[in-house]
Amino acid sequence: MLISGSGTNLQAIIDACHNDAVPAQVVAVISNQPQAYGLNRARAASIPAQVLDHRDFAGRAAFDAELQNLVDTFVPDLVVLAGFMRILGENFATHYTGRMLNIHPSLLPDYPGLDTHARALADGKDQHGATVHFVTPELDAGPIIIQGRVPVLANDTAETLAQRVHEVEYRIYPQAIAWFAHGRLVLQHGQARLDGRPITP
């Protein structure tokens, strides 16, 4: 798993693996931020935790290449981005085609990028949520696997809306990973398929 921050989605996935909701094992956690609290969560669960600081590299390509080398030492079946705040280049994304997932805090294709909750409020949306998708070279544009929705309330702030979206994330991300671990979820010809059927959001 690749993280940059507190690791709340990481914790939800670790817990789901431990209670057998997800038939998988987190084999390593890698962060580009040395102070990321998620590293502590990994160590508390006896999961190897490593830091690869992007600031130690001359550019994105060099960082991506070293990150790929590090990830591959763990021979993962699936690479999970959980709050990893780095845009990954085409070579990296292509290397893991069909075996890398991301979760994004909006109902994609709405609001790729940052500040999703504030943007949803500014637009007067009545629904918001989160999306798990396969990663492709295009930012937040890979095939959608599962979405979770929450109502936008009249008194919501970006912070209160984010809190409710987080609760959705903690449900749908382990679900998507479980599907993949069971062999039910695949990326085929650029399309996410569950049990052999195309997924339509």
# chains A, B, ... in the order shown; residues from 1 in each chain; ligands from 1
>>> closest_atom_pairs(of="segment 43-130 of chain A", to="segment 154-169 of chain A", cutoff="12 Å", atoms="only C-alpha atoms", output="JSON lines")
{"residue": "A:Ala82", "atom": "CA", "partner": "A:Glu169", "partner_atom": "CA", "distance": 10.1}
{"residue": "A:Gly83", "atom": "CA", "partner": "A:Glu169", "partner_atom": "CA", "distance": 11.2}
{"residue": "A:Asn102", "atom": "CA", "partner": "A:Glu169", "partner_atom": "CA", "distance": 10.9}
{"residue": "A:Ile103", "atom": "CA", "partner": "A:Glu169", "partner_atom": "CA", "distance": 7.5}
{"residue": "A:His104", "atom": "CA", "partner": "A:Glu169", "partner_atom": "CA", "distance": 8.7}
{"residue": "A:Pro105", "atom": "CA", "partner": "A:Val165", "partner_atom": "CA", "distance": 6.9}
{"residue": "A:Ser106", "atom": "CA", "partner": "A:Val165", "partner_atom": "CA", "distance": 8.4}
{"residue": "A:Leu107", "atom": "CA", "partner": "A:Val165", "partner_atom": "CA", "distance": 10.4}
{"residue": "A:Asp115", "atom": "CA", "partner": "A:Ala158", "partner_atom": "CA", "distance": 8.6}
{"residue": "A:Thr116", "atom": "CA", "partner": "A:Ala158", "partner_atom": "CA", "distance": 8.6}
{"residue": "A:His117", "atom": "CA", "partner": "A:Ala158", "partner_atom": "CA", "distance": 5.2}
{"residue": "A:Ala118", "atom": "CA", "partner": "A:Ala158", "partner_atom": "CA", "distance": 5.1}
{"residue": "A:Arg119", "atom": "CA", "partner": "A:Ala158", "partner_atom": "CA", "distance": 8.7}
{"residue": "A:Ala120", "atom": "CA", "partner": "A:Ala158", "partner_atom": "CA", "distance": 8.7}
{"residue": "A:Leu121", "atom": "CA", "partner": "A:Ala158", "partner_atom": "CA", "distance": 7.3}
{"residue": "A:Ala122", "atom": "CA", "partner": "A:Ala158", "partner_atom": "CA", "distance": 9.7}
{"residue": "A:Gly124", "atom": "CA", "partner": "A:Ala154", "partner_atom": "CA", "distance": 9.5}
{"residue": "A:Lys125", "atom": "CA", "partner": "A:Ala154", "partner_atom": "CA", "distance": 10.3}
{"residue": "A:Asp126", "atom": "CA", "partner": "A:Ala154", "partner_atom": "CA", "distance": 8.9}
{"residue": "A:Gln127", "atom": "CA", "partner": "A:Leu161", "partner_atom": "CA", "distance": 10.2}
{"residue": "A:His128", "atom": "CA", "partner": "A:Val165", "partner_atom": "CA", "distance": 7.6}
{"residue": "A:Gly129", "atom": "CA", "partner": "A:Val165", "partner_atom": "CA", "distance": 5.4}
{"residue": "A:Ala130", "atom": "CA", "partner": "A:Glu169", "partner_atom": "CA", "distance": 6.3}
>>> select_by_dssp(residues="segment 120-178 of chain A", states="strand (DSSP E or B)", output="list in words")
Gln127, His128, Gly129, Ala130, Thr131, Val132, His133, Phe134, Ile144, Ile145, Ile146, Gln147, Gly148, Arg149, Val150 and Pro151 of chain A
>>> residues_around(residues="Leu70 of chain A", least_positions_apart="6", cutoff="10 Å", atoms="only C-alpha atoms", output="PyMOL selection string")
chain A and resi 30+50+52+64
>>> write_last_selection(atoms="N, CA and C atoms", output="PDB file, in the first residue's frame")
ATOM      1  N   ILE A  30       4.376   1.726   2.026  1.00  0.00           N
ATOM      2  CA  ILE A  30       5.435   2.646   1.595  1.00  0.00           C
ATOM      3  C   ILE A  30       4.860   4.054   1.573  1.00  0.00           C
ATOM      4  N   GLN A  50       8.139   1.342   4.969  1.00  0.00           N
ATOM      5  CA  GLN A  50       9.324   1.968   4.403  1.00  0.00           C
ATOM      6  C   GLN A  50       9.000   3.367   3.887  1.00  0.00           C
ATOM      7  N   LEU A  52      10.126   6.334   1.094  1.00  0.00           N
ATOM      8  CA  LEU A  52      10.852   6.735  -0.107  1.00  0.00           C
ATOM      9  C   LEU A  52      10.450   8.179  -0.373  1.00  0.00           C
ATOM     10  N   ASP A  64       9.602   7.681  -9.546  1.00  0.00           N
ATOM     11  CA  ASP A  64       8.716   6.597  -9.974  1.00  0.00           C
ATOM     12  C   ASP A  64       9.487   5.299 -10.214  1.00  0.00           C
TER      13      ASP A  64
END
>>> residues_around(residues="Pro109 of chain A", least_positions_apart="2", cutoff="10 Å", atoms="only C-alpha atoms", output="PyMOL selection string")
chain A and resi 106-107+111-112+131+140-142+144
>>> write_last_selection(atoms="N, CA and C atoms", output="compact mmCIF listing (two decimals), in the first residue's frame")
# COMPACT_ATOMS: atom_id res chain seq x y z
N SER A 106 -14.65 11.75 -4.37
CA SER A 106 -15.74 12.37 -5.11
C SER A 106 -16.42 11.28 -5.92
N LEU A 107 -17.55 11.63 -6.49
CA LEU A 107 -18.25 10.73 -7.39
C LEU A 107 -17.73 10.99 -8.80
N TYR A 111 -15.14 16.15 -10.18
CA TYR A 111 -14.10 16.63 -9.28
C TYR A 111 -12.85 15.75 -9.17
N PRO A 112 -12.19 15.49 -10.27
CA PRO A 112 -10.84 14.92 -10.15
C PRO A 112 -9.92 15.94 -9.48
N THR A 131 -15.09 7.20 -4.76
CA THR A 131 -15.00 6.27 -5.89
C THR A 131 -13.73 5.45 -5.78
N ASP A 140 -7.13 10.32 -12.01
CA ASP A 140 -8.47 10.04 -11.48
C ASP A 140 -9.47 9.68 -12.58
N ALA A 141 -8.99 9.02 -13.63
CA ALA A 141 -9.85 8.75 -14.78
C ALA A 141 -9.95 7.27 -15.12
N GLY A 142 -9.40 6.39 -14.28
CA GLY A 142 -9.45 4.96 -14.57
C GLY A 142 -10.84 4.39 -14.41
N ILE A 144 -14.15 2.88 -13.24
CA ILE A 144 -14.77 2.89 -11.92
C ILE A 144 -15.18 1.49 -11.50
>>> select_by_dssp(residues="segment 6-147 of chain A", states="helix (DSSP H, G or I)", output="count of residues only")
48
>>> closest_residue(among="A:Ile145, A:Leu39, A:Ile87, A:Ala49", to="Pro174 of chain A", atoms="only C-alpha atoms")
A:Ile145
>>> residues_around(residues="Asp72 of chain A", least_positions_apart="4", cutoff="12 Å", atoms="only C-alpha atoms", output="list in words")
Met1, Val27, Ala28, Ile30, Ala65, Glu66, Leu67, Gln68, Pro76, Asp77, Leu78, Val79, Phe92, His95 and Tyr96 of chain A
>>> decode(residues="segment 135-154 of chain A", atoms="N, CA and C atoms", output="PDB file, in the first residue's frame")
ATOM      1  N   VAL A 135      -6.295   2.295 -11.590  1.00  0.00           N
ATOM      2  CA  VAL A 135      -5.415   3.416 -11.909  1.00  0.00           C
ATOM      3  C   VAL A 135      -4.948   3.297 -13.356  1.00  0.00           C
ATOM      4  N   THR A 136      -5.056   4.405 -14.079  1.00  0.00           N
ATOM      5  CA  THR A 136      -4.523   4.543 -15.430  1.00  0.00           C
ATOM      6  C   THR A 136      -3.650   5.795 -15.452  1.00  0.00           C
ATOM      7  N   PRO A 137      -2.913   6.017 -16.537  1.00  0.00           N
ATOM      8  CA  PRO A 137      -2.052   7.203 -16.567  1.00  0.00           C
ATOM      9  C   PRO A 137      -2.806   8.532 -16.434  1.00  0.00           C
ATOM     10  N   GLU A 138      -4.086   8.556 -16.787  1.00  0.00           N
ATOM     11  CA  GLU A 138      -4.856   9.794 -16.685  1.00  0.00           C
ATOM     12  C   GLU A 138      -5.308   9.993 -15.241  1.00  0.00           C
ATOM     13  N   LEU A 139      -5.141  11.190 -14.709  1.00  0.00           N
ATOM     14  CA  LEU A 139      -5.436  11.481 -13.307  1.00  0.00           C
ATOM     15  C   LEU A 139      -6.905  11.210 -12.987  1.00  0.00           C
ATOM     16  N   ASP A 140      -7.132  10.321 -12.010  1.00  0.00           N
ATOM     17  CA  ASP A 140      -8.472  10.037 -11.484  1.00  0.00           C
ATOM     18  C   ASP A 140      -9.472   9.685 -12.584  1.00  0.00           C
ATOM     19  N   ALA A 141      -8.989   9.020 -13.631  1.00  0.00           N
ATOM     20  CA  ALA A 141      -9.846   8.750 -14.782  1.00  0.00           C
ATOM     21  C   ALA A 141      -9.949   7.267 -15.115  1.00  0.00           C
ATOM     22  N   GLY A 142      -9.405   6.392 -14.281  1.00  0.00           N
ATOM     23  CA  GLY A 142      -9.447   4.961 -14.569  1.00  0.00           C
ATOM     24  C   GLY A 142     -10.840   4.390 -14.407  1.00  0.00           C
ATOM     25  N   PRO A 143     -11.081   3.199 -14.934  1.00  0.00           N
ATOM     26  CA  PRO A 143     -12.407   2.571 -14.860  1.00  0.00           C
ATOM     27  C   PRO A 143     -12.913   2.445 -13.425  1.00  0.00           C
ATOM     28  N   ILE A 144     -14.151   2.877 -13.243  1.00  0.00           N
ATOM     29  CA  ILE A 144     -14.769   2.894 -11.916  1.00  0.00           C
ATOM     30  C   ILE A 144     -15.184   1.486 -11.504  1.00  0.00           C
ATOM     31  N   ILE A 145     -14.915   1.157 -10.233  1.00  0.00           N
ATOM     32  CA  ILE A 145     -15.246  -0.146  -9.669  1.00  0.00           C
ATOM     33  C   ILE A 145     -16.472  -0.058  -8.766  1.00  0.00           C
ATOM     34  N   ILE A 146     -16.445   0.878  -7.838  1.00  0.00           N
ATOM     35  CA  ILE A 146     -17.547   1.016  -6.871  1.00  0.00           C
ATOM     36  C   ILE A 146     -17.555   2.454  -6.370  1.00  0.00           C
ATOM     37  N   GLN A 147     -18.776   2.959  -6.116  1.00  0.00           N
ATOM     38  CA  GLN A 147     -18.934   4.291  -5.542  1.00  0.00           C
ATOM     39  C   GLN A 147     -19.824   4.208  -4.309  1.00  0.00           C
ATOM     40  N   GLY A 148     -19.567   5.105  -3.373  1.00  0.00           N
ATOM     41  CA  GLY A 148     -20.420   5.245  -2.208  1.00  0.00           C
ATOM     42  C   GLY A 148     -20.895   6.675  -2.112  1.00  0.00           C
ATOM     43  N   ARG A 149     -22.168   6.867  -1.792  1.00  0.00           N
ATOM     44  CA  ARG A 149     -22.769   8.195  -1.814  1.00  0.00           C
ATOM     45  C   ARG A 149     -23.214   8.633  -0.421  1.00  0.00           C
ATOM     46  N   VAL A 150     -23.164   9.946  -0.196  1.00  0.00           N
ATOM     47  CA  VAL A 150     -23.721  10.545   1.015  1.00  0.00           C
ATOM     48  C   VAL A 150     -24.513  11.775   0.597  1.00  0.00           C
ATOM     49  N   PRO A 151     -25.564  12.120   1.331  1.00  0.00           N
ATOM     50  CA  PRO A 151     -26.279  13.365   1.034  1.00  0.00           C
ATOM     51  C   PRO A 151     -25.461  14.565   1.488  1.00  0.00           C
ATOM     52  N   VAL A 152     -25.592  15.646   0.770  1.00  0.00           N
ATOM     53  CA  VAL A 152     -24.991  16.908   1.193  1.00  0.00           C
ATOM     54  C   VAL A 152     -26.047  17.667   1.985  1.00  0.00           C
ATOM     55  N   LEU A 153     -25.734  17.982   3.224  1.00  0.00           N
ATOM     56  CA  LEU A 153     -26.693  18.628   4.121  1.00  0.00           C
ATOM     57  C   LEU A 153     -26.580  20.145   4.042  1.00  0.00           C
ATOM     58  N   ALA A 154     -27.665  20.821   4.398  1.00  0.00           N
ATOM     59  CA  ALA A 154     -27.711  22.287   4.262  1.00  0.00           C
ATOM     60  C   ALA A 154     -26.646  22.978   5.103  1.00  0.00           C
TER      61      ALA A 154
END
